[in-house]
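Structure file structure_21.cif (mmCIF, C-alpha atoms and all ligand atoms) follows.
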```cif
data_coords
loop_
_atom_site.label_atom_id
_atom_site.label_comp_id
_atom_site.auth_asym_id
_atom_site.auth_seq_id
_atom_site.Cartn_x
_atom_site.Cartn_y
_atom_site.Cartn_z
CA MET A 1440 104.48 -117.53 31.53
CA ALA A 1441 105.26 -120.84 29.81
CA GLY A 1442 106.44 -122.19 33.20
CA ALA A 1443 103.14 -121.19 34.81
CA ARG A 1444 101.15 -122.94 32.07
CA LEU A 1445 103.32 -126.04 32.51
CA SER A 1446 102.75 -126.18 36.27
CA VAL A 1447 98.96 -125.78 35.81
CA SER A 1448 98.96 -128.63 33.31
CA VAL A 1449 101.04 -130.83 35.59
CA SER A 1450 98.76 -130.16 38.54
CA ARG A 1451 95.72 -131.03 36.41
CA LEU A 1452 97.44 -134.17 35.20
CA LEU A 1453 98.19 -135.11 38.80
CA ARG A 1454 94.55 -134.51 39.66
CA ARG A 1455 93.53 -136.92 36.94
CA LEU A 1456 95.94 -139.54 38.27
CA GLU A 1457 95.17 -138.99 41.94
CA PRO A 1458 92.38 -141.56 42.15
CA LEU A 1459 94.81 -144.28 41.16
CA PHE A 1460 96.75 -143.58 44.34
CA SER A 1461 93.95 -142.37 46.58
CA SER A 1462 93.38 -144.19 49.85
CA ARG A 1463 89.73 -142.98 49.89
CA HIS A 1464 88.44 -145.88 47.89
CA TYR A 1465 84.83 -147.02 47.98
CA CYS A 1466 84.62 -150.65 47.03
CA SER A 1467 82.12 -150.70 44.18
CA LEU A 1468 80.38 -153.63 42.58
CA ALA A 1469 82.70 -155.65 40.40
CA SER A 1470 81.36 -154.19 37.16
CA PRO A 1471 79.61 -150.87 36.47
CA CYS A 1472 75.88 -151.38 36.75
CA ALA A 1473 72.70 -149.34 36.49
CA VAL A 1474 68.94 -149.58 36.97
CA SER A 1475 67.64 -148.51 33.59
CA TYR A 1476 64.40 -148.29 31.57
CA SER A 1477 63.76 -148.04 27.84
CA GLN A 1478 60.03 -147.33 28.05
CA TYR A 1479 57.73 -145.75 30.59
CA GLY A 1480 55.53 -148.04 32.65
CA GLU A 1481 55.21 -149.97 35.89
CA PRO A 1482 58.70 -150.29 37.46
CA SER A 1483 58.38 -154.09 37.82
CA LYS A 1484 57.80 -154.35 34.06
CA VAL A 1485 60.15 -151.75 32.59
CA LEU A 1486 63.18 -151.61 34.89
CA ARG A 1487 66.28 -153.64 34.00
CA PHE A 1488 69.43 -154.20 36.02
CA LEU A 1489 72.28 -153.65 33.58
CA THR A 1490 75.73 -154.96 34.36
CA ASP A 1491 79.04 -154.36 32.58
CA VAL A 1492 77.77 -150.92 31.59
CA ASP A 1493 80.19 -149.12 29.33
CA VAL A 1494 81.87 -146.19 31.15
CA PRO A 1495 83.24 -143.76 28.53
CA ASP A 1496 86.57 -141.95 28.77
CA VAL A 1497 86.46 -138.58 30.48
CA ARG A 1498 86.47 -135.64 28.04
CA ASP A 1499 88.08 -132.33 28.97
CA ASP A 1500 84.89 -130.75 30.37
CA GLN A 1501 83.72 -133.93 32.06
CA VAL A 1502 83.92 -135.67 35.40
CA SER A 1503 83.95 -139.34 36.26
CA VAL A 1504 81.86 -140.14 39.33
CA ARG A 1505 81.48 -143.23 41.47
CA MET A 1506 78.00 -143.13 42.93
CA LEU A 1507 77.84 -143.89 46.64
CA ALA A 1508 74.17 -143.85 47.61
CA ALA A 1509 70.81 -142.79 46.16
CA PRO A 1510 67.34 -142.84 47.72
CA ILE A 1511 64.08 -143.95 46.14
CA ASN A 1512 61.55 -141.10 46.26
CA PRO A 1513 57.90 -141.18 45.10
CA ALA A 1514 58.77 -138.84 42.20
CA ASP A 1515 61.35 -141.37 40.92
CA ILE A 1516 58.57 -143.94 40.57
CA ASN A 1517 56.25 -141.42 38.88
CA MET A 1518 59.05 -140.55 36.45
CA ILE A 1519 59.50 -144.21 35.48
CA GLN A 1520 55.73 -144.53 35.06
CA GLY A 1521 55.83 -141.56 32.69
CA VAL A 1522 53.36 -139.54 34.76
CA TYR A 1523 55.84 -136.97 36.09
CA PRO A 1524 56.17 -133.60 34.34
CA ILE A 1525 59.82 -134.40 33.53
CA LYS A 1526 60.35 -137.23 31.07
CA PRO A 1527 64.03 -138.00 30.55
CA PRO A 1528 65.00 -139.19 27.07
CA LEU A 1529 64.98 -143.00 26.86
CA PRO A 1530 66.78 -145.17 27.63
CA ALA A 1531 67.20 -143.55 31.03
CA VAL A 1532 68.71 -144.41 34.39
CA GLY A 1533 66.33 -144.27 37.37
CA GLY A 1534 66.67 -141.94 40.35
CA ASN A 1535 66.86 -138.18 40.70
CA GLU A 1536 68.74 -137.77 43.92
CA GLY A 1537 71.97 -139.21 45.33
CA VAL A 1538 75.58 -138.54 46.13
CA GLY A 1539 78.71 -139.61 44.29
CA GLU A 1540 82.45 -139.24 44.70
CA VAL A 1541 84.50 -137.63 41.96
CA VAL A 1542 87.02 -140.14 40.65
CA SER A 1543 88.74 -138.08 37.96
CA VAL A 1544 88.25 -134.80 36.13
CA GLY A 1545 88.89 -133.58 32.61
CA LEU A 1546 91.59 -131.03 31.83
CA GLN A 1547 89.17 -128.08 31.67
CA VAL A 1548 87.49 -128.83 34.99
CA SER A 1549 88.79 -126.54 37.70
CA ASP A 1550 86.07 -126.49 40.37
CA LEU A 1551 85.96 -130.22 41.15
CA GLN A 1552 88.67 -132.66 42.10
CA PRO A 1553 88.94 -136.34 42.97
CA GLY A 1554 87.48 -137.10 46.38
CA ASP A 1555 84.85 -134.32 46.19
CA TRP A 1556 81.26 -135.32 46.83
CA VAL A 1557 78.74 -134.25 44.21
CA ILE A 1558 74.99 -134.29 43.70
CA PRO A 1559 73.06 -133.79 40.45
CA ALA A 1560 72.29 -130.15 39.70
CA ASP A 1561 68.98 -131.00 38.02
CA SER A 1562 66.22 -133.63 37.94
CA GLY A 1563 66.33 -136.64 35.65
CA TRP A 1564 70.12 -137.16 35.88
CA GLY A 1565 69.84 -140.84 36.83
CA THR A 1566 71.40 -141.69 40.19
CA TRP A 1567 70.68 -145.42 40.39
CA ARG A 1568 74.01 -146.49 38.93
CA THR A 1569 77.47 -147.20 40.19
CA HIS A 1570 79.42 -145.02 37.73
CA ALA A 1571 78.75 -141.94 35.63
CA VAL A 1572 80.70 -139.70 33.28
CA CYS A 1573 79.10 -136.31 32.61
CA PRO A 1574 79.85 -132.63 32.11
CA ALA A 1575 80.99 -130.97 35.34
CA SER A 1576 78.15 -128.45 34.88
CA GLU A 1577 75.61 -131.20 35.63
CA LEU A 1578 76.95 -131.61 39.17
CA ARG A 1579 77.13 -129.59 42.36
CA LYS A 1580 79.81 -130.04 44.97
CA ILE A 1581 78.67 -130.63 48.53
CA PRO A 1582 80.74 -131.05 51.70
CA ASN A 1583 82.07 -134.56 52.24
CA ASP A 1584 82.16 -134.31 56.02
CA ILE A 1585 78.49 -135.15 56.61
CA PRO A 1586 77.04 -138.67 56.96
CA LEU A 1587 76.55 -140.46 53.66
CA GLU A 1588 72.79 -140.96 54.09
CA ALA A 1589 72.33 -137.25 54.87
CA ALA A 1590 74.32 -136.32 51.73
CA ALA A 1591 72.35 -138.77 49.58
CA THR A 1592 69.02 -137.31 50.72
CA LEU A 1593 69.98 -133.62 50.95
CA ALA A 1594 68.98 -132.21 47.58
CA VAL A 1595 65.25 -132.87 47.40
CA ASN A 1596 63.42 -133.17 50.71
CA PRO A 1597 65.40 -130.94 53.10
CA CYS A 1598 65.69 -128.26 50.39
CA THR A 1599 61.93 -128.44 49.76
CA ALA A 1600 61.26 -128.16 53.49
CA TYR A 1601 63.71 -125.27 53.81
CA ARG A 1602 62.16 -123.28 50.96
CA MET A 1603 58.58 -123.83 52.11
CA LEU A 1604 59.49 -122.60 55.60
CA SER A 1605 61.30 -119.58 54.13
CA ASP A 1606 59.45 -118.31 51.10
CA PHE A 1607 55.72 -118.19 51.85
CA GLN A 1608 55.21 -116.60 55.26
CA HIS A 1609 57.40 -114.49 57.48
CA LEU A 1610 57.84 -116.94 60.35
CA GLN A 1611 59.40 -116.04 63.67
CA PRO A 1612 60.34 -118.18 66.68
CA GLY A 1613 57.16 -119.17 68.52
CA ASP A 1614 55.03 -119.17 65.36
CA THR A 1615 53.08 -122.32 64.56
CA ILE A 1616 52.93 -124.36 61.38
CA VAL A 1617 50.80 -127.40 60.55
CA GLN A 1618 51.64 -130.17 58.10
CA ASN A 1619 50.16 -133.46 56.94
CA GLY A 1620 52.26 -136.41 55.74
CA ALA A 1621 54.46 -135.41 58.66
CA ASN A 1622 56.34 -138.71 58.65
CA SER A 1623 57.30 -138.38 54.97
CA GLY A 1624 60.90 -137.53 54.11
CA VAL A 1625 59.87 -133.91 53.55
CA GLY A 1626 57.80 -133.92 56.76
CA GLN A 1627 60.73 -135.18 58.84
CA ALA A 1628 62.92 -132.41 57.40
CA VAL A 1629 60.18 -129.82 58.08
CA ILE A 1630 60.02 -130.88 61.74
CA GLN A 1631 63.78 -130.58 62.22
CA ILE A 1632 64.33 -127.33 60.32
CA ALA A 1633 61.31 -125.78 62.03
CA ALA A 1634 62.65 -126.87 65.43
CA ALA A 1635 66.05 -125.37 64.59
CA ARG A 1636 64.25 -122.07 63.90
CA GLY A 1637 62.15 -122.17 67.07
CA LEU A 1638 58.84 -122.83 65.28
CA VAL A 1639 56.09 -124.96 66.79
CA THR A 1640 54.93 -127.83 64.55
CA ILE A 1641 51.59 -129.63 64.47
CA ASN A 1642 52.25 -132.88 62.67
CA VAL A 1643 49.43 -134.83 61.10
CA VAL A 1644 49.92 -138.50 60.21
CA ARG A 1645 47.67 -141.31 59.06
CA ASN A 1646 46.48 -143.62 61.79
CA ARG A 1647 48.38 -146.94 62.02
CA PRO A 1648 46.89 -150.43 62.06
CA ASP A 1649 47.86 -150.87 65.72
CA ARG A 1650 48.42 -148.62 68.71
CA SER A 1651 52.03 -149.59 69.31
CA SER A 1652 53.19 -148.62 65.82
CA TYR A 1653 51.32 -145.31 66.14
CA PHE A 1654 52.97 -144.70 69.51
CA GLU A 1655 56.38 -145.57 68.05
CA LEU A 1656 55.83 -143.11 65.20
CA GLU A 1657 54.64 -140.39 67.57
CA MET A 1658 57.74 -140.84 69.73
CA TYR A 1659 59.99 -140.79 66.67
CA LEU A 1660 58.54 -137.53 65.32
CA LYS A 1661 58.62 -135.91 68.76
CA GLY A 1662 62.24 -137.08 69.07
CA LEU A 1663 63.01 -135.13 65.88
CA GLY A 1664 61.59 -132.01 67.53
CA GLY A 1665 57.89 -132.22 66.59
CA HIS A 1666 55.67 -130.59 69.22
CA TYR A 1667 52.28 -132.14 68.43
CA VAL A 1668 51.63 -135.37 66.55
CA ILE A 1669 48.02 -136.11 65.67
CA THR A 1670 46.04 -138.36 63.34
CA GLU A 1671 43.88 -136.99 60.54
CA GLU A 1672 40.79 -138.00 62.58
CA GLY A 1673 42.17 -136.41 65.75
CA LEU A 1674 42.54 -133.10 63.94
CA ARG A 1675 38.74 -132.79 63.80
CA ARG A 1676 38.17 -133.39 67.52
CA GLN A 1677 37.23 -130.53 69.87
CA ASP A 1678 40.01 -131.39 72.34
CA PHE A 1679 42.54 -130.78 69.57
CA ARG A 1680 40.93 -127.44 68.70
CA ASP A 1681 41.44 -126.44 72.35
CA ILE A 1682 45.20 -126.29 71.85
CA PHE A 1683 44.65 -122.97 70.07
CA LYS A 1684 43.60 -121.49 73.41
CA ARG A 1685 47.30 -121.61 74.34
CA LEU A 1686 48.99 -121.66 70.93
CA PRO A 1687 48.86 -119.18 68.05
CA ARG A 1688 47.01 -120.54 65.02
CA PRO A 1689 49.34 -121.68 62.24
CA LYS A 1690 50.46 -119.14 59.65
CA LEU A 1691 51.54 -121.90 57.31
CA ALA A 1692 50.09 -125.29 56.34
CA LEU A 1693 52.17 -127.72 54.29
CA ASN A 1694 50.14 -130.19 52.26
CA CYS A 1695 51.74 -133.46 51.15
CA VAL A 1696 48.50 -135.40 50.83
CA GLY A 1697 45.54 -133.52 49.26
CA GLY A 1698 41.88 -134.57 49.65
CA LYS A 1699 40.18 -134.24 53.05
CA SER A 1700 43.48 -134.10 54.84
CA ALA A 1701 44.37 -130.86 53.01
CA THR A 1702 40.97 -129.31 53.78
CA GLU A 1703 41.37 -130.16 57.47
CA ILE A 1704 44.80 -128.58 57.90
CA LEU A 1705 43.67 -125.52 55.95
CA ARG A 1706 40.73 -124.98 58.35
CA HIS A 1707 43.16 -124.38 61.25
CA LEU A 1708 45.12 -121.59 59.55
CA GLU A 1709 44.98 -118.10 60.97
CA THR A 1710 43.45 -115.34 58.87
CA GLY A 1711 45.87 -114.43 56.08
CA GLY A 1712 47.66 -117.79 56.37
CA THR A 1713 49.03 -119.82 53.46
CA MET A 1714 48.65 -123.45 52.50
CA VAL A 1715 51.48 -124.74 50.29
CA THR A 1716 50.74 -127.94 48.40
CA TYR A 1717 53.86 -129.86 47.43
CA GLY A 1718 52.62 -133.46 47.14
CA GLY A 1719 49.46 -135.35 46.30
CA MET A 1720 49.97 -138.69 48.01
CA SER A 1721 46.21 -139.45 48.39
CA ARG A 1722 45.68 -138.71 44.66
CA GLN A 1723 42.63 -136.67 45.72
CA PRO A 1724 42.13 -133.07 44.61
CA VAL A 1725 42.51 -130.20 47.03
CA THR A 1726 39.12 -128.76 48.03
CA VAL A 1727 39.10 -125.29 49.52
CA PRO A 1728 36.04 -123.98 51.42
CA THR A 1729 34.86 -120.76 49.77
CA GLY A 1730 34.67 -118.99 53.14
CA SER A 1731 38.38 -119.63 53.76
CA LEU A 1732 39.24 -117.68 50.62
CA ILE A 1733 36.76 -114.82 51.08
CA PHE A 1734 36.51 -114.27 54.82
CA GLN A 1735 39.88 -115.55 56.02
CA ASP A 1736 42.04 -114.43 53.12
CA ILE A 1737 43.74 -117.83 52.99
CA LYS A 1738 46.23 -118.20 50.16
CA VAL A 1739 46.47 -121.57 48.44
CA VAL A 1740 49.65 -122.10 46.44
CA GLY A 1741 51.86 -124.88 45.14
CA TYR A 1742 55.59 -125.44 45.27
CA TRP A 1743 57.98 -127.44 43.09
CA MET A 1744 61.65 -127.67 44.05
CA THR A 1745 62.68 -128.51 40.48
CA GLN A 1746 61.24 -125.21 39.25
CA TRP A 1747 63.00 -123.27 41.99
CA ASN A 1748 66.30 -124.98 41.14
CA LYS A 1749 65.93 -124.06 37.48
CA ARG A 1750 65.53 -120.39 38.40
CA GLN A 1751 68.17 -120.36 41.12
CA THR A 1752 70.95 -122.65 39.89
CA ASP A 1753 74.24 -121.40 41.30
CA SER A 1754 72.53 -118.43 42.99
CA GLN A 1755 73.75 -117.19 46.33
CA GLU A 1756 70.40 -118.17 47.85
CA SER A 1757 70.90 -121.73 46.70
CA SER A 1758 74.44 -121.91 48.12
CA GLU A 1759 73.24 -120.42 51.41
CA MET A 1760 70.48 -122.99 51.62
CA LEU A 1761 72.84 -125.95 51.10
CA SER A 1762 75.39 -124.52 53.46
CA THR A 1763 72.78 -123.89 56.21
CA LEU A 1764 71.39 -127.40 55.80
CA CYS A 1765 74.87 -128.95 56.02
CA ASP A 1766 75.55 -126.86 59.14
CA TYR A 1767 72.31 -128.19 60.66
CA VAL A 1768 73.52 -131.72 59.87
CA ARG A 1769 76.90 -131.11 61.49
CA GLN A 1770 75.23 -129.54 64.55
CA GLY A 1771 72.98 -132.60 64.94
CA LYS A 1772 69.86 -130.53 64.16
CA LEU A 1773 69.06 -132.31 60.90
CA GLN A 1774 69.43 -136.03 60.34
CA ALA A 1775 68.60 -138.12 57.29
CA PRO A 1776 65.08 -139.53 57.26
CA SER A 1777 64.59 -142.86 58.95
CA ASN A 1778 66.00 -145.24 56.34
CA VAL A 1779 67.04 -148.68 55.23
CA GLN A 1780 70.13 -149.11 53.07
CA VAL A 1781 69.77 -151.66 50.32
CA PRO A 1782 72.37 -152.84 47.76
CA ILE A 1783 71.53 -151.51 44.31
CA SER A 1784 71.11 -155.06 43.01
CA ASP A 1785 68.04 -155.38 45.30
CA TYR A 1786 66.45 -152.27 43.78
CA MET A 1787 63.08 -153.95 43.04
CA ALA A 1788 62.50 -155.01 46.65
CA ALA A 1789 63.42 -151.47 47.69
CA ILE A 1790 60.95 -149.95 45.22
CA ASN A 1791 58.20 -152.24 46.51
CA SER A 1792 58.98 -151.22 50.10
CA THR A 1793 58.82 -147.55 49.11
CA ARG A 1794 55.23 -148.11 48.00
CA ASP A 1795 54.21 -149.88 51.22
CA ALA A 1796 51.81 -147.92 53.42
CA PHE A 1797 52.89 -146.98 56.95
CA SER A 1798 56.58 -147.62 56.47
CA THR A 1799 58.31 -144.26 57.32
CA LYS A 1800 61.58 -145.75 56.11
CA LYS A 1801 63.29 -144.20 53.11
CA GLN A 1802 64.93 -146.87 50.95
CA ILE A 1803 68.48 -145.83 50.09
CA LEU A 1804 70.32 -147.76 47.39
CA THR A 1805 74.00 -148.26 48.19
CA MET A 1806 76.53 -148.88 45.47
CA SER A 1807 79.23 -150.69 47.45
CA SER A 1808 79.55 -154.42 47.44
N1 LIG A 1901 56.94 -130.30 45.18
C1 LIG A 1901 58.20 -130.65 45.46
O1 LIG A 1901 59.15 -129.94 45.13
C2 LIG A 1901 58.43 -131.93 46.17
C3 LIG A 1901 59.69 -132.22 46.72
C4 LIG A 1901 59.84 -133.41 47.45
C5 LIG A 1901 58.78 -134.29 47.55
N2 LIG A 1901 57.60 -133.97 46.96
C6 LIG A 1901 56.43 -134.83 47.08
O2 LIG A 1901 56.14 -134.95 48.44
C7 LIG A 1901 55.54 -136.20 48.67
C8 LIG A 1901 56.32 -136.91 49.77
O3 LIG A 1901 57.62 -137.21 49.30
P1 LIG A 1901 58.65 -137.95 50.26
O4 LIG A 1901 59.89 -138.28 49.53
O5 LIG A 1901 58.76 -137.15 51.49
O6 LIG A 1901 57.81 -139.29 50.51
P2 LIG A 1901 58.00 -140.52 51.48
O7 LIG A 1901 59.13 -140.28 52.41
O8 LIG A 1901 57.98 -141.74 50.64
O9 LIG A 1901 56.66 -140.47 52.34
C9 LIG A 1901 55.41 -140.71 51.76
C10 LIG A 1901 54.33 -140.12 52.67
O10 LIG A 1901 53.08 -140.17 52.05
C11 LIG A 1901 52.14 -140.77 52.92
N3 LIG A 1901 51.15 -141.47 52.11
C12 LIG A 1901 51.36 -142.47 51.24
N4 LIG A 1901 50.20 -142.84 50.65
C13 LIG A 1901 49.24 -142.03 51.17
C14 LIG A 1901 47.84 -141.92 50.99
N5 LIG A 1901 47.18 -142.70 50.12
N6 LIG A 1901 47.17 -140.99 51.71
C15 LIG A 1901 47.81 -140.21 52.59
N7 LIG A 1901 49.15 -140.26 52.81
C16 LIG A 1901 49.84 -141.17 52.11
C17 LIG A 1901 52.94 -141.71 53.79
O11 LIG A 1901 52.23 -141.93 54.96
P3 LIG A 1901 52.10 -143.38 55.67
O12 LIG A 1901 53.37 -143.58 56.45
O13 LIG A 1901 50.92 -143.21 56.51
O14 LIG A 1901 51.95 -144.42 54.58
C18 LIG A 1901 54.19 -140.85 54.01
O15 LIG A 1901 53.95 -139.90 55.01
C19 LIG A 1901 55.51 -136.93 47.35
O16 LIG A 1901 54.26 -136.68 46.72
C20 LIG A 1901 56.62 -136.24 46.58
O17 LIG A 1901 56.48 -136.35 45.20
C21 LIG A 1901 57.41 -132.83 46.29
#
```

Could I get this file's structure written as structure tokens?
Ligand SMILES: NC(=O)c1ccc[n+]([C@@H]2O[C@H](COP(=O)([O-])OP(=O)(O)OC[C@H]3O[C@@H](n4cnc5c(N)ncnc54)[C@H](OP(=O)(O)O)[C@@H]3O)[C@@H](O)[C@H]2O)c1
Amino acid sequence: MAGARLSVSVSRLLRRLEPLFSSRHYCSLASPCAVSYSQYGEPSKVLRFLTDVDVPDVRDDQVSVRMLAAPINPADINMIQGVYPIKPPLPAVGGNEGVGEVVSVGLQVSDLQPGDWVIPADSGWGTWRTHAVCPASELRKIPNDIPLEAAATLAVNPCTAYRMLSDFQHLQPGDTIVQNGANSGVGQAVIQIAAARGLVTINVVRNRPDRSSYFELEMYLKGLGGHYVITEEGLRRQDFRDIFKRLPRPKLALNCVGGKSATEILRHLETGGTMVTYGGMSRQPVTVPTGSLIFQDIKVVGYWMTQWNKRQTDSQESSEMLSTLCDYVRQGKLQAPSNVQVPISDYMAAINSTRDAFSTKKQILTMSS
């Protein structure tokens, strides 16, 4: 019995020492750094780039993580502005999503080991930093055999897309769905997951300032598996309506934008269809024609991934979702959104680019030098 305890302790000790000898070393910036804020407000005013950040010793229930990459999502900016429903205690580190590599684990940690890739289990964890020490319970292990940018962007947008395609309508191969903001990170994931399930997608995007960039975007979204790509204006034209002579009307509409764009996609739903609002990029309210509710039995609902995660942490459904998404990635059915990788020290330029109209490129902060 004593021998067994001794060997467990030795193996845990070895696990703690392993990173010192590991060949899987990601060259991080010379000193631990973080993008932090001490008050809510405009990112350009409140964000600070901290260097030589103190990294505490790892307690028994904790894990030391070297962050590898973390995207900048619209919600991250809203959180810094203080207008998001989650307000992390200040001072806080920016970023909700990202992937890190476990460097060492405390003596009580049995389900993680050095070299594992982890993502935050909850919002507000603070991913825009090079190093973190936290309780193991704040992290979820994900496979480390998928591309880094796919891992860094897995937890929010593909999961949101997956749930919206699974939980609101019973969709079968050949069914149609319509979405606006189709070139957003979520929209790109919707196109690919829908294609993997044999669903037909109608993808609505904002018109571009010139024809060639619109054409490029259309080709990109069709390359991901999108069937139809159309502008918000095009959606109202009769020739577009004619596609429903050969295509079933959508059972599901996914609304990233709000305002007129939401009303337009809702109008194309079949009787009994559902519109799920998950974003409000236009900052305009959703207006629903009375007739759609009364005569067409359209359901109008909202979805928030954070809420789902709170209810489903560690559930089988959650594990199945992550495992299916990683399988899609390995099978080449799901790729990371179109992206640009930017060193964390250039975070402000990356935030500004995130707010540019017509970009379609997710900014991903990388933590290596
Ligand atoms: N509810 C949830 O659980 C959940 C989960 C993930 C994301 N979201 C939300 O979903 C939205 C998209 O997130 P993301 O990470 O996919 O974003 P993203 O990759 O940054 O894409 C932003 C999208 O919004 C469009 N857009 C920007 N300003 C607009 C405006 N004024 N009017 C119409 N469209 C506009 C952009 O189109 P252009 O290319 O034409 O500029 C682009 O398609 C955000 O509101 C985010 O907070 C919600």

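The space between atom CA of A:Gly1554 and atom CA of A:Ile1803 spans 21.2 Å.
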
- Query: Given a cut-off of 7 Å, what residues near ligand LIG 1901 (chain A) show up using only C-alpha atoms and all ligand atoms, put as number ranges by chain?
  - Reply: A: 1512-1514, 1595-1596, 1599, 1620-1626, 1644-1646, 1695-1696, 1717-1722, 1742-1745, 1793, 1795-1799, 1801

Applying 9 Å and all atoms listed in the file, which residues near A:Asn1583 remain after dropping the ones on its own chain fewer than 5 positions away? List them as a PDB file with C-alpha atoms, in the frame of the given file.
```pdb
ATOM      1  CA  GLU A1540      82.450-139.240  44.700  1.00  0.00           C
ATOM      2  CA  GLY A1554      87.480-137.100  46.380  1.00  0.00           C
ATOM      3  CA  ASP A1555      84.850-134.320  46.190  1.00  0.00           C
ATOM      4  CA  TRP A1556      81.260-135.320  46.830  1.00  0.00           C
ATOM      5  CA  VAL A1557      78.740-134.250  44.210  1.00  0.00           C
ATOM      6  CA  ALA A1590      74.320-136.320  51.730  1.00  0.00           C
TER       7      ALA A1590
END
```

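Shortest separation to A:Thr1670 among A:Asn1642, A:Gly1537, A:Leu1604, A:Gly1771 occurs at residue A:Asn1642, atoms counted being all atoms listed in the file.
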
- Residue nearest A:Leu1686 among A:Asp1614, A:Asp1584, A:Glu1703, A:Asp1649 (counting only C-alpha atoms):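 Of the candidates, the smallest distance to A:Leu1686 is held by A:Asp1614.
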
- Message: Around the point (67.7, -153.1, 30.1) (coordinates from the file), which residues reach within 7 Å if we count only C-alpha atoms? Answer as a PyMOL selection string.
- Response: chain A and resi 1475-1477+1486-1489

- With all atoms listed in the file as the basis for distance, which of A:Asn1619, A:Arg1650, A:Val1629, A:Arg1676 is at the shortest distance from A:Gly1697?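 Between A:Asn1619, A:Arg1650, A:Val1629, A:Arg1676, the residue approaching A:Gly1697 most closely is A:Asn1619.
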
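For the pair atom CA of A:Asp1499 and atom CA of A:Leu1529, the interatomic distance is 25.5 Å.
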
- Separation of atom CA of A:Gln1547 and atom CA of A:Lys1580, in Å? 16.4 Å

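Shortest atom-to-atom contact with A:Asp1606 among A:Ile1641, A:Leu1663, A:Met1760, A:Ala1628: A:Met1760, counting all atoms listed in the file.
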
- Item | Protein, DNA and RNA residues within 12 Å of (40.6, -125.7, 66.1), all atoms listed in the file, as an MDAnalysis selection string | chainID A and resid 1617 1641 1673:1689 1703:1709
